[in-house]
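For reference, target_23.pdb (PDB, C-alpha atoms and all ligand atoms):
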ATOM      1  CA  MET M 266     103.367 -25.393  -0.989
ATOM      2  CA  ASN M 267     104.071 -25.054  -4.703
ATOM      3  CA  LYS M 268     104.755 -22.308  -7.214
ATOM      4  CA  LYS M 269     102.939 -22.745 -10.508
ATOM      5  CA  LEU M 270     105.368 -21.934 -13.322
ATOM      6  CA  ALA M 271     104.267 -20.220 -16.539
ATOM      7  CA  ASN M 272     103.775 -23.578 -18.264
ATOM      8  CA  GLY M 273     101.687 -24.980 -15.395
ATOM      9  CA  VAL M 274     104.445 -27.122 -13.851
ATOM     10  CA  GLU M 275     104.273 -27.109 -10.045
ATOM     11  CA  MET M 276     107.563 -26.397  -8.266
ATOM     12  CA  PRO M 277     107.887 -26.784  -4.461
ATOM     13  CA  MET M 278     108.581 -23.380  -2.850
ATOM     14  CA  ILE M 279     111.217 -24.898  -0.580
ATOM     15  CA  GLY M 280     113.994 -27.211  -1.690
ATOM     16  CA  LEU M 281     117.407 -28.421  -0.615
ATOM     17  CA  GLY M 282     120.469 -26.625  -2.012
ATOM     18  CA  THR M 283     123.564 -28.760  -2.575
ATOM     19  CA  PHE M 284     126.348 -26.329  -3.516
ATOM     20  CA  LEU M 285     129.576 -27.398  -1.765
ATOM     21  CA  VAL M 286     128.015 -30.672  -0.601
ATOM     22  CA  ALA M 287     130.756 -33.177  -1.367
ATOM     23  CA  ASP M 288     129.961 -36.050  -3.689
ATOM     24  CA  GLY M 289     129.890 -39.424  -1.920
ATOM     25  CA  LYS M 290     128.628 -40.056   1.602
ATOM     26  CA  SER M 291     127.992 -36.400   2.447
ATOM     27  CA  ALA M 292     125.719 -35.655  -0.539
ATOM     28  CA  TYR M 293     124.088 -39.092  -0.331
ATOM     29  CA  ASP M 294     123.235 -38.852   3.393
ATOM     30  CA  THR M 295     122.159 -35.213   3.115
ATOM     31  CA  VAL M 296     119.729 -35.771   0.248
ATOM     32  CA  LEU M 297     118.354 -38.992   1.738
ATOM     33  CA  HIS M 298     117.744 -37.269   5.067
ATOM     34  CA  ALA M 299     116.066 -34.294   3.384
ATOM     35  CA  LEU M 300     113.737 -36.610   1.461
ATOM     36  CA  HIS M 301     112.833 -38.450   4.667
ATOM     37  CA  VAL M 302     112.085 -35.132   6.363
ATOM     38  CA  GLY M 303     109.685 -34.226   3.552
ATOM     39  CA  TYR M 304     111.660 -32.196   0.996
ATOM     40  CA  ARG M 305     110.516 -32.980  -2.536
ATOM     41  CA  HIS M 306     112.787 -30.540  -4.366
ATOM     42  CA  ILE M 307     116.546 -30.892  -4.766
ATOM     43  CA  ASP M 308     118.784 -28.277  -6.409
ATOM     44  CA  THR M 309     122.050 -29.464  -7.910
ATOM     45  CA  ALA M 310     124.307 -28.575 -10.855
ATOM     46  CA  GLN M 311     126.806 -30.120 -13.221
ATOM     47  CA  MET M 312     129.421 -27.810 -11.650
ATOM     48  CA  TYR M 313     128.679 -29.059  -8.090
ATOM     49  CA  LYS M 314     130.026 -32.496  -9.108
ATOM     50  CA  ASN M 315     127.581 -34.288  -6.803
ATOM     51  CA  GLU M 316     124.823 -35.338  -9.218
ATOM     52  CA  GLU M 317     125.797 -39.003  -8.889
ATOM     53  CA  SER M 318     125.224 -39.121  -5.127
ATOM     54  CA  VAL M 319     122.087 -36.993  -5.416
ATOM     55  CA  GLY M 320     120.716 -39.464  -7.983
ATOM     56  CA  GLN M 321     121.598 -42.492  -5.867
ATOM     57  CA  ALA M 322     119.921 -41.009  -2.768
ATOM     58  CA  ILE M 323     116.777 -40.210  -4.757
ATOM     59  CA  LYS M 324     116.690 -43.766  -6.079
ATOM     60  CA  ASP M 325     117.306 -45.344  -2.670
ATOM     61  CA  SER M 326     114.631 -43.175  -1.032
ATOM     62  CA  LYS M 327     112.077 -45.314  -2.921
ATOM     63  CA  ILE M 328     109.960 -42.183  -3.373
ATOM     64  CA  PRO M 329     108.406 -42.270  -6.871
ATOM     65  CA  ARG M 330     110.493 -40.175  -9.257
ATOM     66  CA  LYS M 331     107.500 -38.088 -10.314
ATOM     67  CA  GLU M 332     107.024 -36.884  -6.732
ATOM     68  CA  ILE M 333     110.495 -35.308  -6.611
ATOM     69  CA  PHE M 334     111.387 -32.049  -8.349
ATOM     70  CA  ILE M 335     114.996 -32.113  -9.570
ATOM     71  CA  THR M 336     116.785 -28.991 -10.770
ATOM     72  CA  THR M 337     120.179 -29.192 -12.385
ATOM     73  CA  LYS M 338     122.226 -26.632 -14.276
ATOM     74  CA  GLN M 339     124.251 -26.594 -17.461
ATOM     75  CA  ARG M 340     127.672 -25.000 -17.315
ATOM     76  CA  GLY M 341     127.066 -23.699 -20.850
ATOM     77  CA  HIS M 342     129.482 -21.485 -22.827
ATOM     78  CA  SER M 343     129.985 -24.373 -25.210
ATOM     79  CA  THR M 344     128.984 -25.898 -28.530
ATOM     80  CA  ILE M 345     125.623 -27.623 -28.878
ATOM     81  CA  PRO M 346     127.112 -31.158 -29.230
ATOM     82  CA  LYS M 347     129.173 -30.630 -26.061
ATOM     83  CA  MET M 348     126.181 -29.241 -24.179
ATOM     84  CA  ARG M 349     124.059 -32.175 -25.371
ATOM     85  CA  ALA M 350     126.711 -34.596 -24.073
ATOM     86  CA  GLN M 351     126.819 -32.745 -20.737
ATOM     87  CA  PHE M 352     123.026 -32.898 -20.445
ATOM     88  CA  GLU M 353     123.049 -36.658 -21.115
ATOM     89  CA  GLU M 354     125.790 -37.046 -18.498
ATOM     90  CA  SER M 355     123.652 -35.221 -15.914
ATOM     91  CA  LEU M 356     120.707 -37.521 -16.687
ATOM     92  CA  ALA M 357     122.887 -40.614 -16.364
ATOM     93  CA  LYS M 358     124.397 -39.462 -13.070
ATOM     94  CA  LEU M 359     120.985 -38.538 -11.681
ATOM     95  CA  GLN M 360     119.634 -41.931 -12.855
ATOM     96  CA  THR M 361     116.648 -40.342 -14.541
ATOM     97  CA  ASP M 362     115.396 -39.792 -18.068
ATOM     98  CA  TYR M 363     114.229 -36.205 -17.488
ATOM     99  CA  VAL M 364     114.861 -33.269 -15.182
ATOM    100  CA  ASP M 365     112.141 -31.046 -13.813
ATOM    101  CA  LEU M 366     114.038 -27.792 -14.251
ATOM    102  CA  TYR M 367     117.160 -27.159 -16.300
ATOM    103  CA  LEU M 368     118.976 -23.847 -15.843
ATOM    104  CA  ILE M 369     121.765 -22.022 -17.649
ATOM    105  CA  HIS M 370     124.064 -21.667 -14.629
ATOM    106  CA  TRP M 371     125.684 -18.324 -15.531
ATOM    107  CA  PRO M 372     125.176 -15.884 -18.402
ATOM    108  CA  ASN M 373     128.020 -15.387 -20.832
ATOM    109  CA  GLN M 374     128.973 -11.761 -21.460
ATOM    110  CA  ASN M 375     128.494 -12.478 -25.180
ATOM    111  CA  LYS M 376     124.779 -12.402 -25.936
ATOM    112  CA  GLU M 377     125.027 -14.664 -29.003
ATOM    113  CA  ILE M 378     126.470 -17.433 -26.830
ATOM    114  CA  ASN M 379     123.542 -17.143 -24.403
ATOM    115  CA  GLN M 380     121.095 -17.105 -27.308
ATOM    116  CA  GLN M 381     122.627 -20.281 -28.746
ATOM    117  CA  THR M 382     122.561 -22.014 -25.346
ATOM    118  CA  TRP M 383     118.944 -20.987 -24.917
ATOM    119  CA  SER M 384     117.938 -22.378 -28.307
ATOM    120  CA  PHE M 385     119.473 -25.710 -27.204
ATOM    121  CA  PHE M 386     117.385 -25.497 -24.000
ATOM    122  CA  GLU M 387     114.270 -24.878 -26.090
ATOM    123  CA  THR M 388     115.082 -28.018 -28.094
ATOM    124  CA  LEU M 389     115.366 -30.086 -24.903
ATOM    125  CA  TYR M 390     112.052 -28.670 -23.716
ATOM    126  CA  LEU M 391     110.312 -29.527 -26.997
ATOM    127  CA  GLU M 392     111.840 -33.022 -26.816
ATOM    128  CA  LYS M 393     110.214 -33.278 -23.333
ATOM    129  CA  LYS M 394     113.538 -34.148 -21.702
ATOM    130  CA  VAL M 395     113.022 -31.255 -19.270
ATOM    131  CA  ARG M 396     109.686 -30.207 -17.748
ATOM    132  CA  ALA M 397     110.764 -26.569 -17.414
ATOM    133  CA  ILE M 398     113.703 -24.442 -18.528
ATOM    134  CA  GLY M 399     115.208 -21.366 -17.002
ATOM    135  CA  VAL M 400     118.274 -19.316 -16.271
ATOM    136  CA  SER M 401     120.406 -18.385 -13.301
ATOM    137  CA  ASN M 402     122.287 -15.194 -12.527
ATOM    138  CA  PHE M 403     120.603 -13.380 -15.426
ATOM    139  CA  THR M 404     120.104  -9.646 -15.013
ATOM    140  CA  ARG M 405     117.344  -7.761 -16.786
ATOM    141  CA  SER M 406     119.700  -6.886 -19.661
ATOM    142  CA  HIS M 407     120.823 -10.514 -20.098
ATOM    143  CA  LEU M 408     117.147 -11.440 -20.349
ATOM    144  CA  THR M 409     116.194  -8.745 -22.847
ATOM    145  CA  ASP M 410     119.110  -9.892 -25.034
ATOM    146  CA  LEU M 411     117.809 -13.455 -24.787
ATOM    147  CA  PHE M 412     114.297 -12.376 -25.768
ATOM    148  CA  GLU M 413     115.609 -11.138 -29.149
ATOM    149  CA  THR M 414     115.769 -14.747 -30.373
ATOM    150  CA  ALA M 415     113.867 -16.805 -27.773
ATOM    151  CA  THR M 416     110.674 -18.571 -28.781
ATOM    152  CA  ILE M 417     110.007 -19.790 -25.237
ATOM    153  CA  LYS M 418     110.531 -17.567 -22.203
ATOM    154  CA  PRO M 419     112.566 -18.857 -19.258
ATOM    155  CA  MET M 420     110.226 -20.093 -16.544
ATOM    156  CA  VAL M 421     112.607 -19.429 -13.626
ATOM    157  CA  ASN M 422     115.554 -17.157 -12.837
ATOM    158  CA  GLN M 423     117.686 -18.316  -9.880
ATOM    159  CA  VAL M 424     119.648 -15.392  -8.426
ATOM    160  CA  GLU M 425     121.442 -14.277  -5.295
ATOM    161  CA  LEU M 426     118.649 -13.035  -3.039
ATOM    162  CA  HIS M 427     118.568 -12.480   0.727
ATOM    163  CA  PRO M 428     117.681  -9.718   3.201
ATOM    164  CA  GLY M 429     120.799  -7.741   2.211
ATOM    165  CA  LEU M 430     119.902  -7.999  -1.506
ATOM    166  CA  SER M 431     116.133  -8.270  -1.798
ATOM    167  CA  GLN M 432     116.169  -7.932  -5.618
ATOM    168  CA  ALA M 433     112.890  -5.964  -5.580
ATOM    169  CA  PRO M 434     113.403  -4.291  -9.018
ATOM    170  CA  LEU M 435     114.427  -7.566 -10.706
ATOM    171  CA  LYS M 436     111.514  -9.378  -9.050
ATOM    172  CA  LYS M 437     109.060  -6.747 -10.285
ATOM    173  CA  TYR M 438     110.411  -7.169 -13.819
ATOM    174  CA  LEU M 439     110.318 -10.997 -13.633
ATOM    175  CA  ASP M 440     106.754 -10.895 -12.273
ATOM    176  CA  SER M 441     105.737  -8.763 -15.264
ATOM    177  CA  GLU M 442     107.304 -11.338 -17.616
ATOM    178  CA  GLY M 443     105.760 -14.345 -15.841
ATOM    179  CA  ILE M 444     109.184 -15.663 -14.751
ATOM    180  CA  ALA M 445     109.426 -17.170 -11.254
ATOM    181  CA  ILE M 446     112.274 -15.954  -9.050
ATOM    182  CA  GLU M 447     114.357 -18.344  -6.973
ATOM    183  CA  SER M 448     116.795 -17.336  -4.222
ATOM    184  CA  TYR M 449     120.275 -18.635  -3.657
ATOM    185  CA  GLY M 450     122.623 -17.727  -0.817
ATOM    186  CA  PRO M 451     119.674 -16.877   1.492
ATOM    187  CA  LEU M 452     121.902 -16.692   4.575
ATOM    188  CA  MET M 453     124.373 -14.247   2.985
ATOM    189  CA  LYS M 454     127.305 -16.566   3.750
ATOM    190  CA  GLY M 455     126.523 -16.092   7.451
ATOM    191  CA  GLY M 456     125.967 -12.321   7.172
ATOM    192  CA  VAL M 457     122.345 -12.605   8.301
ATOM    193  CA  PHE M 458     123.505 -13.426  11.820
ATOM    194  CA  GLU M 459     125.482 -10.186  12.073
ATOM    195  CA  GLY M 460     125.019  -6.405  12.025
ATOM    196  CA  ILE M 461     121.680  -4.835  11.130
ATOM    197  CA  TRP M 462     120.381  -8.147   9.773
ATOM    198  CA  GLY M 463     121.168 -10.219  12.848
ATOM    199  CA  GLU M 464     119.736  -7.563  15.139
ATOM    200  CA  ALA M 465     116.467  -6.883  13.288
ATOM    201  CA  ILE M 466     115.709 -10.431  12.155
ATOM    202  CA  GLY M 467     116.743 -11.753  15.564
ATOM    203  CA  GLU M 468     114.019  -9.606  17.168
ATOM    204  CA  ILE M 469     111.403 -10.858  14.682
ATOM    205  CA  ALA M 470     112.537 -14.465  15.236
ATOM    206  CA  LYS M 471     111.883 -14.127  18.990
ATOM    207  CA  LYS M 472     108.256 -13.146  18.292
ATOM    208  CA  TYR M 473     107.669 -16.364  16.334
ATOM    209  CA  ASN M 474     109.809 -18.562  18.571
ATOM    210  CA  ALA M 475     111.772 -19.351  15.413
ATOM    211  CA  SER M 476     115.374 -19.092  14.226
ATOM    212  CA  ILE M 477     116.825 -16.356  12.007
ATOM    213  CA  PRO M 478     117.133 -18.760   9.015
ATOM    214  CA  GLN M 479     113.512 -19.878   9.445
ATOM    215  CA  ILE M 480     112.319 -16.254   9.378
ATOM    216  CA  ILE M 481     114.325 -15.576   6.211
ATOM    217  CA  PHE M 482     112.929 -18.598   4.371
ATOM    218  CA  ALA M 483     109.385 -17.675   5.506
ATOM    219  CA  TRP M 484     109.991 -14.088   4.279
ATOM    220  CA  GLY M 485     111.074 -15.395   0.869
ATOM    221  CA  ILE M 486     108.102 -17.715   0.540
ATOM    222  CA  ALA M 487     105.713 -14.904   1.589
ATOM    223  CA  ARG M 488     107.146 -12.779  -1.267
ATOM    224  CA  GLY M 489     106.612 -15.632  -3.735
ATOM    225  CA  VAL M 490     110.331 -16.454  -3.910
ATOM    226  CA  ILE M 491     111.378 -20.113  -4.212
ATOM    227  CA  MET M 492     113.909 -20.918  -1.443
ATOM    228  CA  ILE M 493     116.633 -23.609  -1.544
ATOM    229  CA  PRO M 494     118.641 -23.453   1.711
ATOM    230  CA  LYS M 495     121.674 -25.711   1.874
ATOM    231  CA  SER M 496     122.696 -27.645   4.947
ATOM    232  CA  VAL M 497     124.510 -30.905   5.588
ATOM    233  CA  THR M 498     123.467 -30.830   9.274
ATOM    234  CA  PRO M 499     120.449 -33.091   9.922
ATOM    235  CA  GLU M 500     118.871 -30.800  12.565
ATOM    236  CA  ARG M 501     119.233 -27.743  10.309
ATOM    237  CA  ILE M 502     117.747 -29.603   7.342
ATOM    238  CA  GLU M 503     114.683 -30.244   9.523
ATOM    239  CA  GLU M 504     114.639 -26.712  10.967
ATOM    240  CA  ASN M 505     114.830 -25.108   7.524
ATOM    241  CA  PHE M 506     111.990 -27.231   6.150
ATOM    242  CA  LYS M 507     109.688 -26.186   9.011
ATOM    243  CA  SER M 508     109.928 -22.557   7.871
ATOM    244  CA  LYS M 509     107.205 -23.287   5.305
ATOM    245  CA  ASP M 510     104.701 -23.383   8.188
ATOM    246  CA  ILE M 511     105.571 -19.893   9.502
ATOM    247  CA  VAL M 512     103.195 -17.155   8.417
ATOM    248  CA  LEU M 513     104.747 -13.732   8.926
ATOM    249  CA  ALA M 514     102.721 -10.607   9.655
ATOM    250  CA  LYS M 515     102.831  -7.989   6.908
ATOM    251  CA  GLU M 516     104.725  -5.564   9.129
ATOM    252  CA  ASP M 517     107.488  -8.130   9.646
ATOM    253  CA  ILE M 518     107.779  -8.820   5.911
ATOM    254  CA  LEU M 519     108.099  -5.077   5.300
ATOM    255  CA  ALA M 520     110.655  -4.706   8.102
ATOM    256  CA  ILE M 521     112.852  -7.348   6.429
ATOM    257  CA  ASP M 522     112.328  -5.705   2.999
ATOM    258  CA  GLU M 523     113.823  -2.562   4.526
ATOM    259  CA  LEU M 524     117.073  -4.342   5.373
ATOM    260  CA  ASN M 525     118.060  -4.341   1.689
ATOM    261  CA  ARG M 526     121.462  -2.700   1.197
ATOM    262  CA  GLY M 527     122.229  -3.965  -2.304
ATOM    263  CA  LYS M 528     124.860  -6.187  -0.698
ATOM    264  CA  ARG M 529     126.237  -9.020  -2.837
ATOM    265  CA  VAL M 530     128.192 -11.866  -1.265
ATOM    266  CA  TYR M 531     128.522 -13.789  -4.548
ATOM    267  CA  THR M 532     129.866 -12.782  -7.982
ATOM    268  CA  ASP M 533     128.166  -9.888  -9.779
ATOM    269  CA  PRO M 534     126.677 -11.420 -12.967
ATOM    270  CA  ASP M 535     127.577  -8.303 -14.981
ATOM    271  CA  ASN M 536     131.223  -8.853 -14.062
ATOM    272  CA  SER M 537     131.428 -12.628 -14.089
ATOM    273  CA  PRO M 538     134.404 -14.414 -15.660
ATOM    274  CA  TRP M 539     132.245 -16.132 -18.300
ATOM    275  CA  GLY M 540     133.142 -15.033 -21.796
ATOM    276  CA  PRO M 541     133.029 -13.732 -24.353
ATOM    277  CA  PHE M 542     134.341 -17.101 -25.468
ATOM    278  CA  ILE M 543     133.084 -20.525 -26.360
ATOM    279  CA  ASP M 544     134.925 -23.718 -25.466
TER
HETATM  280  N1  LIG M 601     122.917 -20.539  -9.281
HETATM  281  C1  LIG M 601     124.000 -20.208  -8.626
HETATM  282  O1  LIG M 601     124.939 -19.602  -9.164
HETATM  283  C2  LIG M 601     124.102 -20.573  -7.184
HETATM  284  C3  LIG M 601     125.123 -20.011  -6.382
HETATM  285  C4  LIG M 601     125.171 -20.384  -5.043
HETATM  286  C5  LIG M 601     124.236 -21.250  -4.530
HETATM  287  N2  LIG M 601     123.249 -21.802  -5.330
HETATM  288  C6  LIG M 601     122.233 -22.760  -4.817
HETATM  289  O2  LIG M 601     121.582 -22.191  -3.692
HETATM  290  C7  LIG M 601     121.734 -23.056  -2.558
HETATM  291  C8  LIG M 601     121.743 -22.246  -1.267
HETATM  292  O3  LIG M 601     122.776 -21.290  -1.252
HETATM  293  P1  LIG M 601     124.136 -21.443  -0.435
HETATM  294  O4  LIG M 601     124.539 -22.876  -0.355
HETATM  295  O5  LIG M 601     125.072 -20.480  -1.036
HETATM  296  O6  LIG M 601     123.919 -20.875   0.970
HETATM  297  P2  LIG M 601     122.876 -20.839   2.159
HETATM  298  O7  LIG M 601     121.786 -21.826   1.989
HETATM  299  O8  LIG M 601     122.554 -19.398   2.312
HETATM  300  O9  LIG M 601     123.765 -21.215   3.393
HETATM  301  C9  LIG M 601     124.423 -22.417   3.580
HETATM  302  C10 LIG M 601     125.282 -22.306   4.838
HETATM  303  O10 LIG M 601     124.468 -21.954   5.962
HETATM  304  C11 LIG M 601     124.530 -22.975   6.937
HETATM  305  N3  LIG M 601     123.149 -23.178   7.436
HETATM  306  C12 LIG M 601     122.122 -23.752   6.759
HETATM  307  N4  LIG M 601     121.016 -23.782   7.514
HETATM  308  C13 LIG M 601     121.347 -23.217   8.718
HETATM  309  C14 LIG M 601     120.646 -22.976   9.913
HETATM  310  N5  LIG M 601     119.365 -23.331  10.038
HETATM  311  N6  LIG M 601     121.308 -22.360  10.933
HETATM  312  C15 LIG M 601     122.601 -21.988  10.801
HETATM  313  N7  LIG M 601     123.321 -22.195   9.690
HETATM  314  C16 LIG M 601     122.702 -22.814   8.650
HETATM  315  C17 LIG M 601     125.106 -24.183   6.262
HETATM  316  O11 LIG M 601     125.885 -24.936   7.162
HETATM  317  P3  LIG M 601     125.904 -26.558   7.221
HETATM  318  O12 LIG M 601     125.781 -27.082   5.812
HETATM  319  O13 LIG M 601     127.253 -26.839   7.821
HETATM  320  O14 LIG M 601     124.764 -26.960   8.094
HETATM  321  C18 LIG M 601     125.977 -23.562   5.172
HETATM  322  O15 LIG M 601     127.219 -23.205   5.721
HETATM  323  C19 LIG M 601     123.044 -23.776  -2.909
HETATM  324  O16 LIG M 601     123.287 -24.898  -2.107
HETATM  325  C20 LIG M 601     122.847 -24.076  -4.357
HETATM  326  O17 LIG M 601     121.979 -25.169  -4.535
HETATM  327  C21 LIG M 601     123.186 -21.444  -6.641
END

Would it be possible to restate this file's structure as structure tokens?
Amino acid sequence: MNKKLANGVEMPMIGLGTFLVADGKSAYDTVLHALHVGYRHIDTAQMYKNEESVGQAIKDSKIPRKEIFITTKQRGHSTIPKMRAQFEESLAKLQTDYVDLYLIHWPNQNKEINQQTWSFFETLYLEKKVRAIGVSNFTRSHLTDLFETATIKPMVNQVELHPGLSQAPLKKYLDSEGIAIESYGPLMKGGVFEGIWGEAIGEIAKKYNASIPQIIFAWGIARGVIMIPKSVTPERIEENFKSKDIVLAKEDILAIDELNRGKRVYTDPDNSPWGPFID
């Protein structure tokens, strides 16, 4: 099941997240297992410091490179030569000559810095070193600032999104701009197993003979949200992937929509520590 991005590139709706997956055996085994289970989309980042093991697992899987969708992220907040060097380092670590999706990991609070980073991303896109470009943690105002100078619109925005923070207004805006939305932190750092979320989603899960995480990933996919659950546990990697086969009834999707409480468990992008500075 794929999402067609604005430029026609097909992105699998479910992928493997790798934040806090330690470089070395853990990241290697996790990615290799996910690929064997059927995942064809891996989400990593320069800042996760595991690109080397991710790249080695992809290579050793023997699955043709073009069948795997790799996302990585640029730390940004830097000069173009430094960002170029960091991009080349990501490619070398991932053992590839292109990435499928390249994201600005966090917005800077200085719009000119984001605009400069974005123009570098546009260059990479035109050089065909990346099949798609996008942003992460960008609010509507970060995006409208970017649009002042952008010649290519971001194709994806990866943001915190889960039943406690359904991001309905941002999603509506992104839909109107043709930007795909991608969820991170879908399990709310464990919060989905507790309180109103655990109770309500637990009831829905019983109806489908599924787990709470599976219902959440199915809910995201039903809303057109790209999901990238992270797990280093082989059984959970398999369980999470199976969520793509669950078709939720409309009433259940709406019931989960109603669990939104505007609850963030990660940093608020409008109050992030990034900038205004350039290093
Ligand atoms: N762009 C950004 O700024 C940003 C920020 C955060 C995350 N991300 C991306 O989004 C991905 C997903 O977000 P996330 O890692 O924050 O959190 P997540 O996927 O919501 O949750 C991961 C946690 O849930 C556990 N888990 C996974 N599947 C489970 C299951 N079926 N049952 C019970 N527990 C389960 C994992 O444990 P085990 O691993 O021990 O199994 C891990 O502790 C990241 O890995 C990363 O790729 C991006």

Run the PyMOL selection byres (((chain M and resi 299) around 9) and not hetatm) against the file shown and list the residues it catches, as a ChimeraX atom specification. /M:280-281,294-298,300-305,307,499,502-503,506

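Counting all atoms listed in the file, the residue from M:Lys509, M:Arg488, M:Lys338, M:His306 that sits nearest to Ser401 of chain M is M:Lys338.
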
Given 8 Å and all atoms listed in the file, residues near ligand LIG 601 (chain M) as a ChimeraX atom specification: /M:281-286,307-310,338,370-371,401-402,423-425,448-455,476-479,492-502,504-505,531

12 Å contact set for Asn267 of chain M, all atoms listed in the file, chain neighbours under 2 positions out, as a PyMOL selection string: chain M and resi 269-270+273-280+304-306+334+445+486+489-492+509

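Comparing M:Ile333, M:Gln321, M:Gln381, M:Lys327 by their smallest distance to Gln360 of chain M, the closest is M:Gln321 (using only C-alpha atoms).
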
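Of the listed residues (M:Ala514, M:Leu408, M:Leu359, M:Ile345), M:Leu408 comes nearest to Tyr438 of chain M; the distances count all atoms listed in the file.
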
Residues matched by the PyMOL selection byres (((chain M and resi 532-541) around 8) and not hetatm) as an NGL selection string: :M and (342 or 371-375 or 378 or 402-404 or 529-531 or 542-543)

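The neighbours of Ile444 of chain M here are the residues that come within 9 Å of it, using all atoms listed in the file and leaving out any residue fewer than 2 positions away in the same chain; they are M:Leu270, M:Ala271, M:Gly399, M:Lys418, M:Pro419, M:Met420, M:Val421, M:Asn422, M:Lys436, M:Tyr438, M:Leu439, M:Asp440, M:Ser441, M:Glu442, M:Ile446.
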
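As for atom CA of Ile521 of chain M and atom CA of Ile481 of chain M, they are spaced 8.4 Å apart.
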
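Here atom CA of Ala292 of chain M and atom CA of Ala357 of chain M stand 16.8 Å from one another.
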
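Distances here use all atoms listed in the file; by that measure, the residue among M:Arg396, M:Thr361, M:Lys376, M:Thr382 closest to Ser343 of chain M is M:Thr382.
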
Have a look at M:Pro329, M:Gly485, M:Pro434, M:Gly429 and name the one nearest to Asp517 of chain M; count all atoms listed in the file. M:Gly485

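Between atom CA of Gly289 of chain M and atom CA of Asp325 of chain M the separation is 13.9 Å.
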
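Remark: for Arg405 of chain M, the closest of the candidate residues M:Ala487, M:Val364, M:Ile461, M:Leu435 is M:Leu435 (distances computed over all atoms listed in the file).
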
If the PyMOL selection byres (((chain M and resi 413) around 12) and not hetatm) is run on the structure shown, which residues does it catch, given as number ranges by chain? M: 376-377, 379-381, 383-384, 406-412, 414-418

Go ahead and dump the residues you just picked, C-alpha atoms, as a PDB file, in the frame of the given file.
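Saved file again_19.pdb follows:
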ATOM      1  CA  LYS M 376     124.779 -12.402 -25.936  1.00  0.00           C
ATOM      2  CA  GLU M 377     125.027 -14.664 -29.003  1.00  0.00           C
ATOM      3  CA  ASN M 379     123.542 -17.143 -24.403  1.00  0.00           C
ATOM      4  CA  GLN M 380     121.095 -17.105 -27.308  1.00  0.00           C
ATOM      5  CA  GLN M 381     122.627 -20.281 -28.746  1.00  0.00           C
ATOM      6  CA  TRP M 383     118.944 -20.987 -24.917  1.00  0.00           C
ATOM      7  CA  SER M 384     117.938 -22.378 -28.307  1.00  0.00           C
ATOM      8  CA  SER M 406     119.700  -6.886 -19.661  1.00  0.00           C
ATOM      9  CA  HIS M 407     120.823 -10.514 -20.098  1.00  0.00           C
ATOM     10  CA  LEU M 408     117.147 -11.440 -20.349  1.00  0.00           C
ATOM     11  CA  THR M 409     116.194  -8.745 -22.847  1.00  0.00           C
ATOM     12  CA  ASP M 410     119.110  -9.892 -25.034  1.00  0.00           C
ATOM     13  CA  LEU M 411     117.809 -13.455 -24.787  1.00  0.00           C
ATOM     14  CA  PHE M 412     114.297 -12.376 -25.768  1.00  0.00           C
ATOM     15  CA  THR M 414     115.769 -14.747 -30.373  1.00  0.00           C
ATOM     16  CA  ALA M 415     113.867 -16.805 -27.773  1.00  0.00           C
ATOM     17  CA  THR M 416     110.674 -18.571 -28.781  1.00  0.00           C
ATOM     18  CA  ILE M 417     110.007 -19.790 -25.237  1.00  0.00           C
ATOM     19  CA  LYS M 418     110.531 -17.567 -22.203  1.00  0.00           C
TER      20      LYS M 418
END

Neighbour list for Ala483 of chain M as a ChimeraX atom specification, cut-off 8 Å, only C-alpha atoms, skip fewer than 5 positions in-chain: /M:508-513

Using all atoms listed in the file and a cutoff of 12 Å, can you tell me which residues are near (123.4, -1.9, 1.7) in the file's coordinates, and write them out as a VMD selection string? chain M and resid 427 to 432 460 to 462 522 to 530
